[in-house]
Amino acid sequence: MEQSVKERVMVRLERCTGCRSCEIACRVAHSRGGTLLTAVLEEPKPSRRIFVEQAADSPAPFLCRHCEDAPCVRCCPTGALAFDEDSRLVVYTEPRCIGCHACVMACPFGVIQPGRGNGYVVKCDRCPGRDQPACVEACPTKALVLESRFISDRRLRTVARFVEAARGGPPVEDMLASGSPQTP
Amino acid sequence: MNAATPVRTVCPYCAVGCHLDLLVENGRVAGLEYAVDSPVNGGRLCAKGHAALEMLNHPDRLQHPLQRSATGWVPVSWDRALDTAAERIGKILAAHGPDALAFLSTAKGSNEENYLVQKLARVLGTHNVDHCARLCHASTLTGLAPMLGMGAATNPLSDLGRSDCLFFVGSNLAENHPVAFRWVQEAKDRGARILVADPRRTPTAWIADLHLPLKPGTDLALLAAMLHVIFQEGLCDDAFIAQRTRGVEALRASVKDTDPFWAARLTGVPARDIVRAARLYAKAPRASLIYCMGVTQHVLGTETVRACADLALVTGNVGREGSGLFPVRGQDNVQGACDMGALSGLLPGYRPVSDPNARIFFERAWGLPAGTLGAVPGLTVTEMEQAAGDRVRGLIAIGENPVVTSPDSRKTQENLKRLDFLLVVDLFITETAELAHLVLPAAAWAEKSGSRTNTDRRVQWSPKAVHPPGEARPDWKILTDLAHRLGLGSFFPYTCPEDVLEEIRRVVPAYGGMSPRRLATAAEGIAWPCPEENHPGTPVLHEHRFATEDGLARLYPVVFREVPELPDADFPYCLTTGRVTLHYNSGAMTRRSPSLGSRSPYLFVEIHPEDAAREGIRHGERVRVVTRRGTMEARAHVTGSIGPGVVFAPFHFPETNALTQNVLDPAAKIPEFKTAACRLEKMRGTGP
């Protein structure tokens with residue numbers, strides 16, 4: 001469990017259908033009541049930390065990348081945002097925050113937002129206390145996956161291609177030599 | 001909302017056949033619930049399914065029969081409307097004989113309703129009954145039936161999740177059957193390889209391991225080259241070929257010269273990728289081939305379907321779980337409408353009208369005098385529309401919108417205007433209903449009971465949840481009443497859809513075991529063939545023998561030809577058509593649905609950036625697309641997801657089919673929708 005908390009959330013854009021289940025799951029996970037039925041009635045409205053944008057004709061979910069050398073951390077005058085070496089997350093400590101929104105301006109991804117009643121600013125906290133972030137759990141097409149799965153999937157597919165190429169029969173050019181009547 | 005009782009119905013859109021649980025309150029559908037325990041969709045719905053109630057409760061739904069008068073539409077009573085219809089049909093019969101009448105049946109209707117349409121036509125003495133399968137999977141029937149004995153999907157869509165290699169040819173499953181695409185994602189998560197042959201980089205292609213962006217109309221060359229590689233490298237399943245097929249030598253000889261380099265020149269796909277695709281498909285332990293309109297809607301439709309089946313057969317990928325041949329149907333009951341014989345050449349249960357035994361069987365079953373049923377097939381959809389106003393004097397169109405869906409639609413429209421009598425039965429005043437003499441208001445899916453057959457051959461009962469709006473009536477009732485008015489009451493003694501299903505069971509052996517009671521309680525539906533009451537149904541076809549006479553599949557040789565209209569100096573681009581995820585067929589339902597229409601409100605054409613630069617067209621500008629048959633205006637979408645030289649337009653808008661060609665596949669009579677030479681004109685005066 002500890003391991004999964006540290007993993008980044010990766011996006012497989014080709015699978016996103018734009019259903020926004022992740023946004024709802026994020027709001028519910030960050031509501032006071034913790035259920036959809038109570039969350040819809042809460043004031044201020046529970047905030048989401050993941051955004052499904054429609055860009056270049058495709059839906060694309062995006063959330064805090066938890067940068068290791070984060071612009072938001074560098075510009076924070078009070079140390080309210082800090083990179084935590086243990087969890088490898090950019091952690092927000094609300095009591096230190098003065099609400100200057102320098103981080104909102106500094107974030108190149110636009111995924112830190114004003115709190116509007118939910119603290120001064122709001123950003124992804126990778127759902128502490130859950131086995132998996134709520135957005136990953138909610139994604140019906142597995143467009144959102146944790147880092148280790150994302151990387152191992154990609155590696156396995158590439159290795160499979162290599163293996164197939166290595167023992168998958170003669171290269172295409174050899175088909176010419178192997179006697180098939182050819183029109184140039 | 002809590003007091004409402006959910007009624008489990010089958011979604012009225014595509015052929016996946018998802019369950020929709022409708023919440024009925026005070027006689028009105030107030031909401032829907034996700035059918036989480038459904039074996040078909042497990043609670044999932046796509047955008048169209050979610051928006052189904054907008055169509056059901058739409059304020060423009062027809063509520064009364066409407067008769068055309070000099071001053072416009074006049075609402076009339078049902079008695080008056082049916083009397084008028086019977087009188088006008090009677091006049092045509094008396095003056096010109098039964099073959100002057102034509103019936104367009106509907107894949108949106110239940111099996112029972114389709115059965116009644118074709119029975120009405122045939123009892124009147126004509127085989128002029130057809131429906132939109134002619135425009136989508138007619139080539140699947142003509143292609144597969146002689147090879148496998150049956151022109152239907154061999155396995156349920158859920159088998160895609162068990163497959164090791166999925167080869168999509170001309171199918172954009174991700175957009176057009178979104179709920180079924182989850183099985184593709186599951187397969188990919190298990191390590192399956194996904195191959196997609198499509199001129200566009202569609203959402204289906206995004207997930208592919210290998211995308212083969214071929215030129216429209218060259219699918220057959222690609223398949224021939226893959227067969228060539230499979231034979232040459234010995235990747236075929238020799239045991240399967242020897243034990244279960246015939247004709248391999250002719251096939252082998254026909255693909256002797258179709259090597260990947262030849263195909264590369266025709267298709268534009270690198271030879272290397274064609275070889276890779278062939279190896280991936282042939283070496284997979286369980287491979288599935290999924291094809292759709294990109295294969296069928298061509299002059300070469302029948303041949304291309306056969307090449308798909310050849311590929312599946314020589315690699316032994318038929319008759320097993322997790323592998324198979326998937327012609328993915330487009331409409332909720334297009335499979336059922338074909339099963340019921342709503343086709344000009346086929347009686348119920350796919351029995352050809354040319355077969356004397358079949359004719360005698362149905363003449364006896366229906367109590368007709370011997371010789372009533374003719375031996376010559378009737379007119380198909382496109383032939384009816386060509387002959388309209390000429391040989392055909394009266395047309396009865398039920399839930400069809402040929403003015404939008406037929407090729408060269410401007411010509412169709414002109415012909416329909418010359419009919420003596422055009423009767424349209426529909427939910428809305430569609431583009432076709434605008435031309436009608438009489439329009440009858442029909443009940444939508446939730447307002448009538450009936451069985452429907454999805455693309456898995458899964459027959460599901462969809463019960464009535466609410467009453468239709470106003471005076472609208474279900475098609476089966478309209479047809480039965482009309483038959484009575486025509487003096488055919490003794491042939492139509494039905495009081496409910498269940499009565500019709502009982503008759504279907506007697507005359508269509510594949511439906512023999514599907515009693516109304518059994519269907520109504522079968523949570524998963526029943527896959528045909530199901531000949532007897534205690535038969536469990538047949539989810540996987542051809543496990544031990546094929547449905548041919550000797551039980552062996554036939555392999556067909558592959559012969560490639562060019563498309564009929566190649567781009568030239570005057571019309572330098574190739575126009576191809578297809579679907580988008582938010583719309584459905586003629587758009588009669590989805591363009592009226594506010595939440596779908598607002599997200600996809602206008603007709604667009606996709607143009608490759610190089611072509612756009614040459615024509616001076618920028619993204620978002622209005623352009624004119626011109627073919628030899630017509631002109632349309634649309635908004636330009638400049639995108640690299642389409643190949644150079646190709647232009648794509650969705651066919652959900654009335655303009656698109658004014659451009660397509662009415663050139664037919666000789667066997668299937670399916671039009672060449674997927675290629676047309678066109679030119680692009682930048683529109684002047686629209687400003688920068």
# chains A, B, ... in the order shown; residues from 1 in each chain; ligands from 1

$ residues_around --residues "region 371-385 of chain B" --least-positions-apart "2" --cutoff "7 Å" --atoms "only C-alpha atoms" --output "tab-separated table (two decimals) with all heavy atoms, in the first residue's frame"
chain	number	residue	atom	x	y	z
B	102	ALA	N	-44.13	-1.31	-52.82
B	102	ALA	CA	-42.86	-1.67	-52.20
B	102	ALA	C	-42.91	-1.33	-50.72
B	102	ALA	O	-43.55	-0.34	-50.33
B	102	ALA	CB	-41.71	-0.94	-52.88
B	122	ARG	N	-45.79	-10.09	-48.85
B	122	ARG	CA	-45.82	-11.35	-49.58
B	122	ARG	C	-47.23	-11.88	-49.74
B	122	ARG	O	-47.55	-12.49	-50.77
B	122	ARG	CB	-44.88	-12.35	-48.91
B	122	ARG	CG	-43.45	-11.97	-49.25
B	122	ARG	CD	-42.35	-12.66	-48.54
B	122	ARG	NE	-41.10	-12.27	-49.18
B	122	ARG	CZ	-39.96	-12.06	-48.54
B	122	ARG	NH1	-39.89	-12.20	-47.23
B	122	ARG	NH2	-38.89	-11.69	-49.21
B	125	GLY	N	-48.68	-10.39	-52.53
B	125	GLY	CA	-48.20	-10.97	-53.78
B	125	GLY	C	-46.92	-10.35	-54.31
B	125	GLY	O	-46.63	-10.48	-55.50
B	126	THR	N	-46.14	-9.68	-53.46
B	126	THR	CA	-44.89	-9.11	-53.97
B	126	THR	C	-43.74	-9.41	-53.01
B	126	THR	O	-43.94	-9.51	-51.80
B	126	THR	CB	-45.00	-7.58	-54.17
B	126	THR	OG1	-43.75	-7.09	-54.62
B	126	THR	CG2	-45.38	-6.86	-52.88
B	127	HIS	N	-42.55	-9.57	-53.59
B	127	HIS	CA	-41.33	-9.70	-52.76
B	127	HIS	C	-40.64	-8.36	-52.59
B	127	HIS	O	-39.50	-8.30	-52.14
B	127	HIS	CB	-40.36	-10.70	-53.40
B	127	HIS	CG	-40.79	-12.13	-53.28
B	127	HIS	ND1	-41.10	-12.72	-52.07
B	127	HIS	CD2	-40.97	-13.09	-54.22
B	127	HIS	CE1	-41.45	-13.98	-52.28
B	127	HIS	NE2	-41.39	-14.23	-53.58
B	128	ASN	N	-41.31	-7.26	-52.98
B	128	ASN	CA	-40.70	-5.94	-52.84
B	128	ASN	C	-40.70	-5.50	-51.38
B	128	ASN	O	-41.42	-4.60	-50.98
B	128	ASN	CB	-41.47	-4.90	-53.67
B	128	ASN	CG	-41.30	-5.13	-55.15
B	128	ASN	OD1	-40.43	-5.89	-55.56
B	128	ASN	ND2	-42.12	-4.45	-55.95
B	129	VAL	N	-39.90	-6.17	-50.57
B	129	VAL	CA	-39.77	-5.78	-49.17
B	129	VAL	C	-38.29	-5.89	-48.84
B	129	VAL	O	-37.61	-6.85	-49.18
B	129	VAL	CB	-40.65	-6.67	-48.25
B	129	VAL	CG1	-40.34	-8.14	-48.42
B	129	VAL	CG2	-40.49	-6.26	-46.79
B	130	ASP	N	-37.78	-4.84	-48.23
B	130	ASP	CA	-36.35	-4.78	-47.96
B	130	ASP	C	-36.15	-3.80	-46.82
B	130	ASP	O	-37.08	-3.11	-46.41
B	130	ASP	CB	-35.62	-4.31	-49.23
B	130	ASP	CG	-34.27	-4.98	-49.40
B	130	ASP	OD1	-34.15	-6.16	-49.04
B	130	ASP	OD2	-33.34	-4.33	-49.89
B	131	HIS	N	-34.97	-3.74	-46.28
B	131	HIS	CA	-34.72	-2.75	-45.24
B	131	HIS	C	-33.25	-2.36	-45.27
B	131	HIS	O	-32.50	-2.82	-46.12
B	131	HIS	CB	-35.16	-3.26	-43.87
B	131	HIS	CG	-34.25	-4.29	-43.28
B	131	HIS	ND1	-34.21	-5.58	-43.74
B	131	HIS	CD2	-33.36	-4.21	-42.28
B	131	HIS	CE1	-33.32	-6.26	-43.04
B	131	HIS	NE2	-32.77	-5.45	-42.17
B	134	ARG	N	-29.69	-3.75	-46.38
B	134	ARG	CA	-29.21	-3.66	-47.75
B	134	ARG	C	-28.09	-2.63	-47.86
B	134	ARG	O	-27.23	-2.73	-48.71
B	134	ARG	CB	-30.39	-3.26	-48.65
B	134	ARG	CG	-30.11	-3.30	-50.10
B	134	ARG	CD	-29.83	-4.70	-50.59
B	134	ARG	NE	-30.96	-5.60	-50.39
B	134	ARG	CZ	-30.86	-6.92	-50.55
B	134	ARG	NH1	-29.72	-7.48	-50.91
B	134	ARG	NH2	-31.90	-7.68	-50.33
B	344	SER	N	-35.56	-8.72	-49.90
B	344	SER	CA	-36.32	-8.99	-51.12
B	344	SER	C	-36.13	-10.41	-51.65
B	344	SER	O	-37.01	-10.95	-52.30
B	344	SER	CB	-35.92	-7.98	-52.19
B	344	SER	OG	-34.54	-8.12	-52.46
B	345	GLY	N	-34.97	-11.02	-51.34
B	345	GLY	CA	-34.71	-12.34	-51.91
B	345	GLY	C	-34.84	-13.48	-50.93
B	345	GLY	O	-34.62	-14.64	-51.29
B	353	VAL	N	-36.17	-17.15	-51.97
B	353	VAL	CA	-37.45	-17.22	-52.67
B	353	VAL	C	-37.34	-18.10	-53.91
B	353	VAL	O	-38.34	-18.60	-54.42
B	353	VAL	CB	-37.98	-15.82	-53.08
B	353	VAL	CG1	-38.26	-14.97	-51.87
B	353	VAL	CG2	-37.01	-15.12	-54.01
B	354	SER	N	-36.09	-18.32	-54.37
B	354	SER	CA	-35.93	-19.17	-55.55
B	354	SER	C	-36.08	-20.65	-55.23
B	354	SER	O	-36.15	-21.48	-56.13
B	354	SER	CB	-34.55	-18.90	-56.16
B	354	SER	OG	-33.55	-19.09	-55.17
B	359	ARG	N	-40.93	-21.93	-50.83
B	359	ARG	CA	-42.18	-21.23	-51.20
B	359	ARG	C	-43.39	-22.07	-50.82
B	359	ARG	O	-44.35	-21.54	-50.25
B	359	ARG	CB	-42.18	-20.94	-52.71
B	359	ARG	CG	-41.12	-19.94	-53.13
B	359	ARG	CD	-41.47	-19.33	-54.48
B	359	ARG	NE	-41.65	-20.32	-55.54
B	359	ARG	CZ	-40.66	-20.81	-56.29
B	359	ARG	NH1	-39.43	-20.40	-56.10
B	359	ARG	NH2	-40.91	-21.70	-57.23
B	368	LEU	N	-51.87	-19.68	-47.94
B	368	LEU	CA	-52.02	-19.01	-49.23
B	368	LEU	C	-52.24	-20.05	-50.32
B	368	LEU	O	-51.75	-21.18	-50.20
B	368	LEU	CB	-50.75	-18.23	-49.57
B	368	LEU	CG	-50.40	-17.04	-48.71
B	368	LEU	CD1	-49.00	-16.55	-49.05
B	368	LEU	CD2	-51.40	-15.93	-48.92
B	369	PRO	N	-52.97	-19.71	-51.39
B	369	PRO	CA	-53.10	-20.63	-52.51
B	369	PRO	C	-51.73	-20.89	-53.14
B	369	PRO	O	-50.89	-19.98	-53.16
B	369	PRO	CB	-54.02	-19.90	-53.50
B	369	PRO	CG	-54.23	-18.53	-52.98
B	369	PRO	CD	-53.72	-18.45	-51.59
B	387	ALA	N	-36.83	2.82	-58.93
B	387	ALA	CA	-38.06	2.55	-59.68
B	387	ALA	C	-39.24	3.36	-59.16
B	387	ALA	O	-40.33	3.32	-59.74
B	387	ALA	CB	-38.38	1.06	-59.60
B	388	ALA	N	-39.04	4.11	-58.09
B	388	ALA	CA	-40.14	4.87	-57.49
B	388	ALA	C	-40.66	5.90	-58.49
B	388	ALA	O	-39.89	6.58	-59.16
B	388	ALA	CB	-39.68	5.57	-56.22
B	392	VAL	N	-42.61	1.35	-59.59
B	392	VAL	CA	-43.18	1.33	-58.24
B	392	VAL	C	-44.06	2.55	-58.08
B	392	VAL	O	-43.61	3.69	-58.27
B	392	VAL	CB	-42.05	1.31	-57.19
B	392	VAL	CG1	-42.61	1.56	-55.80
B	392	VAL	CG2	-41.31	-0.03	-57.24
B	412	THR	N	-32.97	10.16	-55.30
B	412	THR	CA	-33.97	9.43	-54.52
B	412	THR	C	-35.15	10.33	-54.18
B	412	THR	O	-36.31	9.97	-54.33
B	412	THR	CB	-33.33	8.91	-53.22
B	412	THR	OG1	-32.21	8.11	-53.57
B	412	THR	CG2	-34.31	8.11	-52.40
B	415	ASN	N	-37.38	10.99	-57.09
B	415	ASN	CA	-38.20	9.83	-57.43
B	415	ASN	C	-39.34	9.65	-56.44
B	415	ASN	O	-40.47	9.34	-56.84
B	415	ASN	CB	-37.34	8.56	-57.46
B	415	ASN	CG	-36.44	8.54	-58.68
B	415	ASN	OD1	-36.52	9.42	-59.52
B	415	ASN	ND2	-35.60	7.54	-58.75
B	416	LEU	N	-39.07	9.84	-55.15
B	416	LEU	CA	-40.12	9.64	-54.15
B	416	LEU	C	-41.27	10.62	-54.38
B	416	LEU	O	-42.42	10.32	-54.10
B	416	LEU	CB	-39.56	9.79	-52.74
B	416	LEU	CG	-38.57	8.72	-52.27
B	416	LEU	CD1	-38.18	8.94	-50.82
B	416	LEU	CD2	-39.12	7.32	-52.44

$ closest_atom_pairs --of "region 176-216 of chain B" --to "region 141-160 of chain A" --cutoff "12 Å" --atoms "only C-alpha atoms" --output "tab-separated table"
residue	atom	partner	partner_atom	distance
B:Pro178	CA	A:Thr141	CA	10.8
B:Val179	CA	A:Thr141	CA	10.4
B:Ala180	CA	A:Thr141	CA	11.6
B:Phe181	CA	A:Thr141	CA	9.2
B:Arg182	CA	A:Thr141	CA	6.8
B:Trp183	CA	A:Thr141	CA	9.9
B:Val184	CA	A:Thr141	CA	10.1
B:Gln185	CA	A:Thr141	CA	7.0
B:Glu186	CA	A:Thr141	CA	8.6
B:Ala187	CA	A:Thr141	CA	11.9
B:Lys188	CA	A:Asp153	CA	9.8
B:Asp189	CA	A:Asp153	CA	8.2
B:Arg190	CA	A:Asp153	CA	9.8
B:Gly191	CA	A:Arg157	CA	7.8
B:Ala192	CA	A:Arg157	CA	9.6
B:Arg193	CA	A:Arg157	CA	9.0
B:Ile194	CA	A:Arg157	CA	11.4
B:Ile207	CA	A:Ala143	CA	10.8
B:Ala208	CA	A:Arg157	CA	11.6
B:Asp209	CA	A:Arg157	CA	8.6
B:Leu210	CA	A:Arg157	CA	11.7

$ interface_residues --of "chain B" --to "chain A" --cutoff "9 Å" --atoms "only C-alpha atoms" --output "MDAnalysis selection string"
chainID B and resid 182 185:186 189 191 193 203:207 209 229 232:233 256:257 259:262 271:272 275:276 279:280

$ residues_around --residues "region 607-616 of chain B" --least-positions-apart "4" --cutoff "12 Å" --atoms "only C-alpha atoms" --output "MDAnalysis selection string"
chainID B and resid 199:201 572:576 620:625 634:649 679:684 688

$ residues_around --residues "region 305-310 of chain B" --least-positions-apart "4" --cutoff "9 Å" --atoms "only C-alpha atoms" --output "PyMOL selection string"
chain B and resi 139-140+142-144+147-148+169+220+223-224+227+251+289-291+295-296+300-301+314-315+318+325+327+554-558

$ write_last_selection --atoms "N, CA and C atoms" --output "PDB file, in the first residue's frame"
ATOM      1  N   SER B 139     -23.745  -7.399 -47.895  1.00  0.00           N
ATOM      2  CA  SER B 139     -22.617  -8.161 -48.434  1.00  0.00           C
ATOM      3  C   SER B 139     -22.129  -9.217 -47.442  1.00  0.00           C
ATOM      4  N   THR B 140     -22.458  -9.046 -46.160  1.00  0.00           N
ATOM      5  CA  THR B 140     -22.136 -10.095 -45.196  1.00  0.00           C
ATOM      6  C   THR B 140     -22.974 -11.342 -45.485  1.00  0.00           C
ATOM      7  N   THR B 142     -24.466 -12.160 -48.463  1.00  0.00           N
ATOM      8  CA  THR B 142     -24.102 -12.806 -49.720  1.00  0.00           C
ATOM      9  C   THR B 142     -22.691 -13.367 -49.651  1.00  0.00           C
ATOM     10  N   GLY B 143     -21.828 -12.746 -48.833  1.00  0.00           N
ATOM     11  CA  GLY B 143     -20.453 -13.213 -48.733  1.00  0.00           C
ATOM     12  C   GLY B 143     -20.330 -14.462 -47.878  1.00  0.00           C
ATOM     13  N   LEU B 144     -20.903 -14.404 -46.685  1.00  0.00           N
ATOM     14  CA  LEU B 144     -20.673 -15.496 -45.733  1.00  0.00           C
ATOM     15  C   LEU B 144     -21.587 -16.699 -45.954  1.00  0.00           C
ATOM     16  N   MET B 147     -20.206 -19.527 -47.824  1.00  0.00           N
ATOM     17  CA  MET B 147     -18.948 -20.039 -47.257  1.00  0.00           C
ATOM     18  C   MET B 147     -19.179 -20.828 -45.981  1.00  0.00           C
ATOM     19  N   LEU B 148     -19.945 -20.210 -45.045  1.00  0.00           N
ATOM     20  CA  LEU B 148     -20.116 -20.806 -43.721  1.00  0.00           C
ATOM     21  C   LEU B 148     -21.515 -21.389 -43.547  1.00  0.00           C
ATOM     22  N   VAL B 169     -11.052  -4.465 -39.401  1.00  0.00           N
ATOM     23  CA  VAL B 169     -10.991  -4.003 -40.789  1.00  0.00           C
ATOM     24  C   VAL B 169     -12.214  -3.125 -41.026  1.00  0.00           C
ATOM     25  N   LEU B 220      -9.430  -5.163 -49.946  1.00  0.00           N
ATOM     26  CA  LEU B 220      -9.272  -6.499 -50.515  1.00  0.00           C
ATOM     27  C   LEU B 220      -7.805  -6.765 -50.874  1.00  0.00           C
ATOM     28  N   LEU B 223      -6.023  -7.651 -47.649  1.00  0.00           N
ATOM     29  CA  LEU B 223      -6.343  -8.998 -47.182  1.00  0.00           C
ATOM     30  C   LEU B 223      -5.686 -10.052 -48.070  1.00  0.00           C
ATOM     31  N   ALA B 224      -5.670  -9.779 -49.382  1.00  0.00           N
ATOM     32  CA  ALA B 224      -5.046 -10.731 -50.304  1.00  0.00           C
ATOM     33  C   ALA B 224      -3.556 -10.864 -49.987  1.00  0.00           C
ATOM     34  N   LEU B 227      -3.077 -12.937 -46.910  1.00  0.00           N
ATOM     35  CA  LEU B 227      -3.243 -14.364 -47.219  1.00  0.00           C
ATOM     36  C   LEU B 227      -1.995 -14.904 -47.918  1.00  0.00           C
ATOM     37  N   LEU B 251      -7.925 -20.839 -53.726  1.00  0.00           N
ATOM     38  CA  LEU B 251      -7.574 -19.644 -52.959  1.00  0.00           C
ATOM     39  C   LEU B 251      -6.073 -19.404 -52.997  1.00  0.00           C
ATOM     40  N   LEU B 289     -11.473 -11.444 -36.023  1.00  0.00           N
ATOM     41  CA  LEU B 289     -11.502 -10.466 -37.103  1.00  0.00           C
ATOM     42  C   LEU B 289     -12.829  -9.722 -37.019  1.00  0.00           C
ATOM     43  N   ILE B 290     -12.732  -8.416 -36.830  1.00  0.00           N
ATOM     44  CA  ILE B 290     -13.925  -7.596 -36.667  1.00  0.00           C
ATOM     45  C   ILE B 290     -14.033  -6.713 -37.903  1.00  0.00           C
ATOM     46  N   TYR B 291     -15.125  -6.788 -38.614  1.00  0.00           N
ATOM     47  CA  TYR B 291     -15.260  -5.901 -39.765  1.00  0.00           C
ATOM     48  C   TYR B 291     -16.614  -5.227 -39.755  1.00  0.00           C
ATOM     49  N   VAL B 295     -15.729  -2.482 -44.902  1.00  0.00           N
ATOM     50  CA  VAL B 295     -15.580  -3.652 -45.764  1.00  0.00           C
ATOM     51  C   VAL B 295     -16.821  -3.837 -46.641  1.00  0.00           C
ATOM     52  N   THR B 296     -17.993  -3.641 -46.039  1.00  0.00           N
ATOM     53  CA  THR B 296     -19.220  -4.053 -46.728  1.00  0.00           C
ATOM     54  C   THR B 296     -19.731  -3.035 -47.735  1.00  0.00           C
ATOM     55  N   LEU B 300     -17.081  -4.003 -54.149  1.00  0.00           N
ATOM     56  CA  LEU B 300     -16.399  -5.266 -53.873  1.00  0.00           C
ATOM     57  C   LEU B 300     -16.788  -5.825 -52.506  1.00  0.00           C
ATOM     58  N   GLY B 301     -17.925  -5.373 -51.954  1.00  0.00           N
ATOM     59  CA  GLY B 301     -18.289  -5.760 -50.592  1.00  0.00           C
ATOM     60  C   GLY B 301     -18.299  -7.266 -50.380  1.00  0.00           C
ATOM     61  N   VAL B 314      -8.420 -19.996 -42.946  1.00  0.00           N
ATOM     62  CA  VAL B 314      -7.129 -20.658 -43.173  1.00  0.00           C
ATOM     63  C   VAL B 314      -6.265 -20.641 -41.914  1.00  0.00           C
ATOM     64  N   THR B 315      -6.572 -19.760 -40.972  1.00  0.00           N
ATOM     65  CA  THR B 315      -5.822 -19.758 -39.716  1.00  0.00           C
ATOM     66  C   THR B 315      -6.581 -20.496 -38.619  1.00  0.00           C
ATOM     67  N   VAL B 318     -12.207 -19.984 -36.519  1.00  0.00           N
ATOM     68  CA  VAL B 318     -13.669 -19.988 -36.497  1.00  0.00           C
ATOM     69  C   VAL B 318     -14.107 -21.207 -35.685  1.00  0.00           C
ATOM     70  N   LEU B 325     -15.310 -14.453 -36.301  1.00  0.00           N
ATOM     71  CA  LEU B 325     -15.550 -13.479 -37.348  1.00  0.00           C
ATOM     72  C   LEU B 325     -16.710 -12.618 -36.865  1.00  0.00           C
ATOM     73  N   PRO B 327     -18.936  -9.586 -37.934  1.00  0.00           N
ATOM     74  CA  PRO B 327     -19.521  -8.472 -38.664  1.00  0.00           C
ATOM     75  C   PRO B 327     -20.348  -7.677 -37.660  1.00  0.00           C
ATOM     76  N   ARG B 554     -16.508 -23.307 -47.323  1.00  0.00           N
ATOM     77  CA  ARG B 554     -15.946 -23.119 -48.661  1.00  0.00           C
ATOM     78  C   ARG B 554     -14.990 -21.935 -48.616  1.00  0.00           C
ATOM     79  N   LEU B 555     -13.771 -22.126 -49.143  1.00  0.00           N
ATOM     80  CA  LEU B 555     -12.862 -20.998 -49.307  1.00  0.00           C
ATOM     81  C   LEU B 555     -13.082 -20.428 -50.696  1.00  0.00           C
ATOM     82  N   TYR B 556     -13.066 -19.109 -50.818  1.00  0.00           N
ATOM     83  CA  TYR B 556     -13.291 -18.470 -52.113  1.00  0.00           C
ATOM     84  C   TYR B 556     -12.015 -17.792 -52.578  1.00  0.00           C
ATOM     85  N   PRO B 557     -11.698 -17.897 -53.855  1.00  0.00           N
ATOM     86  CA  PRO B 557     -10.525 -17.168 -54.358  1.00  0.00           C
ATOM     87  C   PRO B 557     -10.725 -15.655 -54.241  1.00  0.00           C
ATOM     88  N   VAL B 558      -9.621 -14.941 -54.185  1.00  0.00           N
ATOM     89  CA  VAL B 558      -9.656 -13.488 -54.000  1.00  0.00           C
ATOM     90  C   VAL B 558      -9.222 -12.816 -55.297  1.00  0.00           C
TER      91      VAL B 558
END

$ residues_around --residues "Ala82 (chain A)" --least-positions-apart "3" --cutoff "7 Å" --atoms "only C-alpha atoms" --output "ChimeraX atom specification"
/A:73,79,90-92

$ residues_around --residues "Ala80 (chain A)" --least-positions-apart "4" --cutoff "8 Å" --atoms "only C-alpha atoms" --output "VMD selection string"
chain A and resid 76 91 to 97

$ residues_around --residues "Gly487 (chain B)" --least-positions-apart "6" --cutoff "12 Å" --atoms "only C-alpha atoms" --output "list of chain:residue names"
B:Asp83, B:Ala86, B:Glu87, B:Ile89, B:Gly90, B:Leu120, B:Val123, B:Leu124, B:Thr480, B:Asp481, B:Pro493

$ select_by_dssp --residues "region 170-318 of chain B" --states "strand (DSSP E)" --output "list of chain:residue names"
B:Arg193, B:Ile194, B:Leu195, B:Val196, B:Ala197, B:Leu210, B:His211, B:Leu212, B:Thr245, B:Arg246, B:Ala287, B:Ser288, B:Leu289, B:Ile290, B:Tyr291

$ select_by_dssp --residues "chain A" --states "alpha helix (DSSP H)" --output "VMD selection string"
chain A and resid 2 to 6 21 to 29 36 to 39 71 to 75 102 to 106 134 to 138 147 to 167 174 to 177
